[in-house]
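First comes the structure, then the notes that go with it.
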Amino acid sequence: MARIGIAQTTFARFDMGSLAERIVRENSGCTIIRYTVPGVKDLPVAAKKLIEEHHCDIVMALGMPGSKPIDKQCAHEASQGLIQAQLLTNTHVIEVFVHEDEADNEKELVGIFRDRTIKHTRNALALLIGKNELDKYAGKGRRQGHEDVGPLLEG
Amino acid sequence: MARIGIAQTTFARFDMGSLAERIVRENSGCTIIRYTVPGVKDLPVAAKKLIEEHHCDIVMALGMPGSKPIDKQCAHEASQGLIQAQLLTNTHVIEVFVHEDEADNEKELVGIFRDRTIKHTRNALALLIGKNELDKYAGKGRRQGHEDVGPLLEG
Amino acid sequence: MARIGIAQTTFARFDMGSLAERIVRENSGCTIIRYTVPGVKDLPVAAKKLIEEHHCDIVMALGMPGSKPIDKQCAHEASQGLIQAQLLTNTHVIEVFVHEDEADNEKELVGIFRDRTIKHTRNALALLIGKNELDKYAGKGRRQGHEDVGPLLEG
Amino acid sequence: MARIGIAQTTFARFDMGSLAERIVRENSGCTIIRYTVPGVKDLPVAAKKLIEEHHCDIVMALGMPGSKPIDKQCAHEASQGLIQAQLLTNTHVIEVFVHEDEADNEKELVGIFRDRTIKHTRNALALLIGKNELDKYAGKGRRQGHEDVGPLLEG
Amino acid sequence: MARIGIAQTTFARFDMGSLAERIVRENSGCTIIRYTVPGVKDLPVAAKKLIEEHHCDIVMALGMPGSKPIDKQCAHEASQGLIQAQLLTNTHVIEVFVHEDEADNEKELVGIFRDRTIKHTRNALALLIGKNELDKYAGKGRRQGHEDVGPLLEG
């Protein structure tokens, strides 16, 4: 039975982890391992520990970078670390970040949180099945957090 | 028989992978291993897995970064990861990124997608032959996605 | 008995280490290992040495980046290094940075120093207990240095 | 007999490799190993392969970043990768990059290509001799691509 | 007897290495190992080689980034590499960079060179003694290149 790690933060203003957990439970029999850290820069090592110490087959790294320039830099550093964690473990870590200033109001932001978390949880489940599970969507302009934009007209 | 990995994304709006696959088939007897991930930041680990778990001799990493600042940052992080993946495996990963805002309209963008994918697939095939296969073009101002610019007049 | 490393700098203008040490002593029986370096860019290797040579189970990296652009870049480099140190050791290093220009005056800045150091020391102690100790605060909009902002209304 | 790797690109508009090769031959009996890749981001792994698979004692990484912002970012990523390649091999890789927009016209740009390539080839030969071969020039304000500026007046 | 590596560049316009060497000799019986490279981006591998091949217990990396944007980027890349070198060796590398545009005139710039080099050489000697040698200055607002600013009033 596959194991999914769900790492999240106390900084975020939406409980992405519980939503991701619900989607996993509704669509699979995977075991879920939770890990909560203060902020996005703590996620890379949490992801690596979930993989190496808790034997997760894939990890979701959930976070909400703030709106200030320093927050953007933190998100950049976290993203770099998440890629390094993947390279050191040969395991996917699906980054699901929602920037606090992505929407004009809280309601819209919550909508982005929901849509992106749900769709990326499905992506994680697909990658667990195998490297070709998403082949049918290659180049199709899929989006998480918003409607798909679809392929280019002449593509 | 050499093995070429072709990693691509569902975020892209053009099916670069199928085009690359066609060029490979028309020009070689290489085995092709496909891998589809959500976005460009998922490509580094996919490339590394193609090399280490699927025994690819070279990988093409195909993607389309979006037009927003955050998309540019994602592309930067992905590129760094792709270079790290190469250094950790001593294997070339040819990055073929087309930025969504590179062209003024969709038709022109599709043209860039086609030209860059085709030429870089040929580059990958050349590198598979050996480190000196491209020697004759060194310093010749070759471009992918556009016409070659050629060497400097006094070069 | 758990061991907490406390790394700090001579560049900072507030003795974050002594405050962190007091909070640790008031809330746990942990052994404290101190390490003082010149600036934030010296913290990553100090953190790694605390973990690998002094057997710390977690490290706090305390620093105050200055207000000039070059200082911001130093902080960025230090943060990247701290994430690398964590990935190489599978151990948390809690970064506690207060930027010299975060507040309008010295009094307010001292307040940020105190609040952030105290709260992140508690975060470190929580992570020492385990990966689920902070679960109850996941997505709750917690902040260090300022009041918590709380979750989104519809979150 | 020492081995010098010369890695270059098809993107560049000047054949830096042939010039470097000529300088090496005029000044040493070193064996030269060539490697040609599409662009600067392909240079790090080429350099590492020259060192580890072709047993080079030093490598020159020759390239011409373009003038667009994305080209500058590529150069940055390539430079980071070249430094990583050195750290992973304990071997010098002398980066010789000429930016396409460094000069006002093509003639001047060719002059920079020539001067920088020649001087850095001599630097590579010096480093092959040993870590103290350049001691006599330490702090002397040497430049590649332009005239030396010399030490500060009171330095 | 401890060994101090002193790595410096021919690009710099001030002989920081000789000054550092004098301070080391006046204050310790350490053995000094010199290494001269062309520019700051060559310093990371020089530092790593000084540690791993020449058995240095600590290294000083001395350099002068130029005033152009590309020079700032080079400094950033060099700094990242120096941090990586430290993490890979668990050894301190004290970066002593003076930016060519830090002062209004050459005299003032020379003053910064002297002050920063001298103070950081003392820092290196302190770190050689041990991780707690600088404890008494933690949070004291020490500066290299300028007067100390001291701790915050309420700190």
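Just remember, in the structure tokens the first chain shown is A, the second B, etc., residues are 1-based per chain, and ligands are 1-based in the order shown.
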
Residues of chain E that approach chain D to 10 Å or less, counting only C-alpha atoms: could you list each one with the shortest pair of atoms and its distance in Å to one decimal, rows by chain and increasing residue number, as a Markdown table?
```
| residue | atom | partner | partner_atom | distance |
| --- | --- | --- | --- | --- |
| E:Ala7 | CA | D:Lys131 | CA | 9.3 |
| E:Gln8 | CA | D:Ala138 | CA | 6.6 |
| E:Thr9 | CA | D:Ala138 | CA | 5.4 |
| E:Thr10 | CA | D:Ala138 | CA | 4.3 |
| E:Phe11 | CA | D:Gly141 | CA | 4.6 |
| E:Ala12 | CA | D:Gly139 | CA | 4.4 |
| E:Arg13 | CA | D:Pro151 | CA | 4.1 |
| E:Phe14 | CA | D:Gly139 | CA | 4.5 |
| E:Asp15 | CA | D:Gly139 | CA | 4.2 |
| E:Met16 | CA | D:Gly139 | CA | 6.9 |
| E:Gly17 | CA | D:Ala138 | CA | 7.7 |
| E:Ser18 | CA | D:Ala138 | CA | 9.1 |
| E:Ile33 | CA | D:Asn132 | CA | 9.4 |
| E:Arg34 | CA | D:Asn132 | CA | 6.8 |
| E:Tyr35 | CA | D:Lys131 | CA | 4.9 |
| E:Thr36 | CA | D:Asp135 | CA | 5.3 |
| E:Val37 | CA | D:Leu134 | CA | 6.6 |
| E:Pro38 | CA | D:Asn123 | CA | 7.0 |
| E:Gly39 | CA | D:Arg142 | CA | 9.2 |
| E:Lys41 | CA | D:Ile83 | CA | 7.2 |
| E:Asp42 | CA | D:His92 | CA | 7.3 |
| E:Leu43 | CA | D:Ile83 | CA | 9.3 |
| E:Pro44 | CA | D:Leu87 | CA | 7.1 |
| E:Val45 | CA | D:Leu87 | CA | 5.4 |
| E:Ala46 | CA | D:His92 | CA | 7.9 |
| E:Ala47 | CA | D:Leu87 | CA | 9.4 |
| E:Lys48 | CA | D:Asn90 | CA | 6.9 |
| E:Lys49 | CA | D:Asn90 | CA | 6.1 |
| E:Leu50 | CA | D:Lys131 | CA | 9.4 |
| E:Glu52 | CA | D:Asn90 | CA | 8.7 |
| E:Glu53 | CA | D:Asn90 | CA | 8.9 |
| E:Leu62 | CA | D:Gly139 | CA | 9.6 |
| E:Gly63 | CA | D:Gly139 | CA | 8.4 |
| E:Met64 | CA | D:Gly139 | CA | 8.7 |
| E:Ile70 | CA | D:Lys72 | CA | 9.0 |
| E:Gln73 | CA | D:His76 | CA | 7.4 |
| E:Cys74 | CA | D:Ser79 | CA | 8.2 |
| E:His76 | CA | D:Gln80 | CA | 9.4 |
| E:Glu77 | CA | D:Gln80 | CA | 5.9 |
| E:Ala78 | CA | D:Ile83 | CA | 7.9 |
| E:Gln80 | CA | D:Gln80 | CA | 8.2 |
| E:Gly81 | CA | D:Ile83 | CA | 6.3 |
| E:Leu82 | CA | D:Ile83 | CA | 9.5 |
| E:Gln84 | CA | D:Leu87 | CA | 8.0 |
| E:Ala85 | CA | D:Leu87 | CA | 6.7 |
| E:Leu88 | CA | D:Leu87 | CA | 8.5 |
| E:Glu106 | CA | D:Leu152 | CA | 6.6 |
| E:Lys107 | CA | D:Glu154 | CA | 6.6 |
| E:Glu108 | CA | D:Glu154 | CA | 9.7 |
| E:Leu109 | CA | D:Leu152 | CA | 8.7 |
| E:Val110 | CA | D:Gly155 | CA | 6.2 |
| E:Gly111 | CA | D:Glu154 | CA | 9.3 |
| E:Phe113 | CA | D:Gly155 | CA | 8.8 |
| E:Arg114 | CA | D:Gly155 | CA | 9.2 |
```

### Query
How would you write, as a ChimeraX atom specification, the set of residues in region 5-155 of chain C that DSSP gives as strand (DSSP E or B)?
/C:5-9,31-37,58-63,93-97

Can I get the selection written as a JSON list (two decimals), in the first residue's frame, with N, CA and C atoms?
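The result, stored in result02.json:
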```
[["chain", "number", "residue", "atom", "x", "y", "z"],
["C", 5, "GLY", "N", 21.07, 22.96, 19.45],
["C", 5, "GLY", "CA", 22.16, 23.85, 19.09],
["C", 5, "GLY", "C", 21.63, 25.26, 18.91],
["C", 6, "ILE", "N", 22.35, 26.23, 19.43],
["C", 6, "ILE", "CA", 21.96, 27.63, 19.24],
["C", 6, "ILE", "C", 23.14, 28.35, 18.60],
["C", 7, "ALA", "N", 22.98, 28.65, 17.31],
["C", 7, "ALA", "CA", 24.03, 29.35, 16.57],
["C", 7, "ALA", "C", 23.63, 30.80, 16.38],
["C", 8, "GLN", "N", 24.55, 31.70, 16.62],
["C", 8, "GLN", "CA", 24.21, 33.11, 16.45],
["C", 8, "GLN", "C", 25.42, 33.89, 15.98],
["C", 9, "THR", "N", 25.24, 35.19, 15.78],
["C", 9, "THR", "CA", 26.27, 36.01, 15.14],
["C", 9, "THR", "C", 26.70, 37.20, 16.01],
["C", 31, "THR", "N", 19.72, 19.86, 26.68],
["C", 31, "THR", "CA", 21.08, 20.38, 26.73],
["C", 31, "THR", "C", 21.25, 21.41, 25.62],
["C", 32, "ILE", "N", 21.89, 22.52, 25.95],
["C", 32, "ILE", "CA", 22.07, 23.60, 24.98],
["C", 32, "ILE", "C", 23.53, 23.68, 24.57],
["C", 33, "ILE", "N", 23.76, 23.72, 23.26],
["C", 33, "ILE", "CA", 25.12, 23.86, 22.74],
["C", 33, "ILE", "C", 25.20, 25.17, 21.97],
["C", 34, "ARG", "N", 26.02, 26.09, 22.40],
["C", 34, "ARG", "CA", 26.13, 27.40, 21.75],
["C", 34, "ARG", "C", 27.25, 27.42, 20.71],
["C", 35, "TYR", "N", 27.08, 28.31, 19.71],
["C", 35, "TYR", "CA", 28.08, 28.46, 18.65],
["C", 35, "TYR", "C", 27.96, 29.89, 18.14],
["C", 36, "THR", "N", 29.00, 30.67, 18.20],
["C", 36, "THR", "CA", 28.92, 32.06, 17.74],
["C", 36, "THR", "C", 29.86, 32.29, 16.56],
["C", 37, "VAL", "N", 29.30, 32.86, 15.51],
["C", 37, "VAL", "CA", 30.06, 33.14, 14.28],
["C", 37, "VAL", "C", 29.93, 34.62, 13.94],
["C", 58, "ILE", "N", 18.39, 19.29, 17.01],
["C", 58, "ILE", "CA", 17.79, 20.40, 16.27],
["C", 58, "ILE", "C", 18.69, 21.61, 16.51],
["C", 59, "VAL", "N", 18.64, 22.56, 15.57],
["C", 59, "VAL", "CA", 19.46, 23.76, 15.71],
["C", 59, "VAL", "C", 18.61, 24.99, 15.45],
["C", 60, "MET", "N", 18.87, 26.04, 16.20],
["C", 60, "MET", "CA", 18.29, 27.35, 15.92],
["C", 60, "MET", "C", 19.40, 28.22, 15.34],
["C", 61, "ALA", "N", 19.12, 28.83, 14.20],
["C", 61, "ALA", "CA", 20.09, 29.71, 13.54],
["C", 61, "ALA", "C", 19.59, 31.14, 13.67],
["C", 62, "LEU", "N", 20.23, 31.90, 14.53],
["C", 62, "LEU", "CA", 19.75, 33.24, 14.89],
["C", 62, "LEU", "C", 20.60, 34.31, 14.22],
["C", 63, "GLY", "N", 19.95, 35.25, 13.56],
["C", 63, "GLY", "CA", 20.73, 36.29, 12.91],
["C", 63, "GLY", "C", 19.93, 37.53, 12.59],
["C", 93, "VAL", "N", 16.73, 22.87, 11.09],
["C", 93, "VAL", "CA", 17.43, 24.06, 11.54],
["C", 93, "VAL", "C", 16.42, 25.20, 11.43],
["C", 94, "ILE", "N", 15.99, 25.68, 12.56],
["C", 94, "ILE", "CA", 14.98, 26.73, 12.58],
["C", 94, "ILE", "C", 15.68, 28.08, 12.38],
["C", 95, "GLU", "N", 15.41, 28.71, 11.25],
["C", 95, "GLU", "CA", 16.00, 30.02, 10.97],
["C", 95, "GLU", "C", 15.19, 31.11, 11.67],
["C", 96, "VAL", "N", 15.89, 31.89, 12.46],
["C", 96, "VAL", "CA", 15.23, 33.03, 13.12],
["C", 96, "VAL", "C", 16.00, 34.28, 12.72],
["C", 97, "PHE", "N", 15.55, 34.90, 11.66],
["C", 97, "PHE", "CA", 16.21, 36.11, 11.18],
["C", 97, "PHE", "C", 15.30, 37.30, 11.43]]
```

### Test item, helix (DSSP H, G or I) assignment across region 103-142 of chain A, answer as number ranges by chain
A: 106-129, 135-137

Quick one: write out the picked residues with C-alpha atoms as a short mmCIF file (atom, residue, chain, number, x, y, z; two decimals), in the first residue's frame?
```cif
data_model
loop_
_atom_site.label_atom_id
_atom_site.label_comp_id
_atom_site.auth_asym_id
_atom_site.auth_seq_id
_atom_site.Cartn_x
_atom_site.Cartn_y
_atom_site.Cartn_z
CA GLU A 106 -10.30 36.19 0.82
CA LYS A 107 -13.18 34.35 -0.82
CA GLU A 108 -11.38 34.11 -4.12
CA LEU A 109 -8.18 33.09 -2.33
CA VAL A 110 -10.00 30.25 -0.59
CA GLY A 111 -11.22 29.12 -3.98
CA ILE A 112 -7.67 28.96 -5.25
CA PHE A 113 -6.59 27.05 -2.15
CA ARG A 114 -9.31 24.48 -2.73
CA ASP A 115 -8.89 24.08 -6.46
CA ARG A 116 -5.11 23.85 -6.42
CA THR A 117 -4.97 21.48 -3.46
CA ILE A 118 -7.59 19.15 -4.91
CA LYS A 119 -6.06 19.03 -8.40
CA HIS A 120 -2.50 18.57 -7.18
CA THR A 121 -3.60 15.82 -4.82
CA ARG A 122 -4.98 14.07 -7.88
CA ASN A 123 -1.69 14.71 -9.67
CA ALA A 124 0.17 13.11 -6.78
CA LEU A 125 -2.09 10.06 -6.91
CA ALA A 126 -1.52 9.83 -10.67
CA LEU A 127 2.26 9.98 -10.27
CA LEU A 128 2.01 7.22 -7.68
CA ILE A 129 0.46 5.01 -10.35
CA ASP A 135 0.64 11.27 -20.57
CA LYS A 136 -2.84 11.89 -21.91
CA TYR A 137 -2.73 15.44 -20.52
#
```
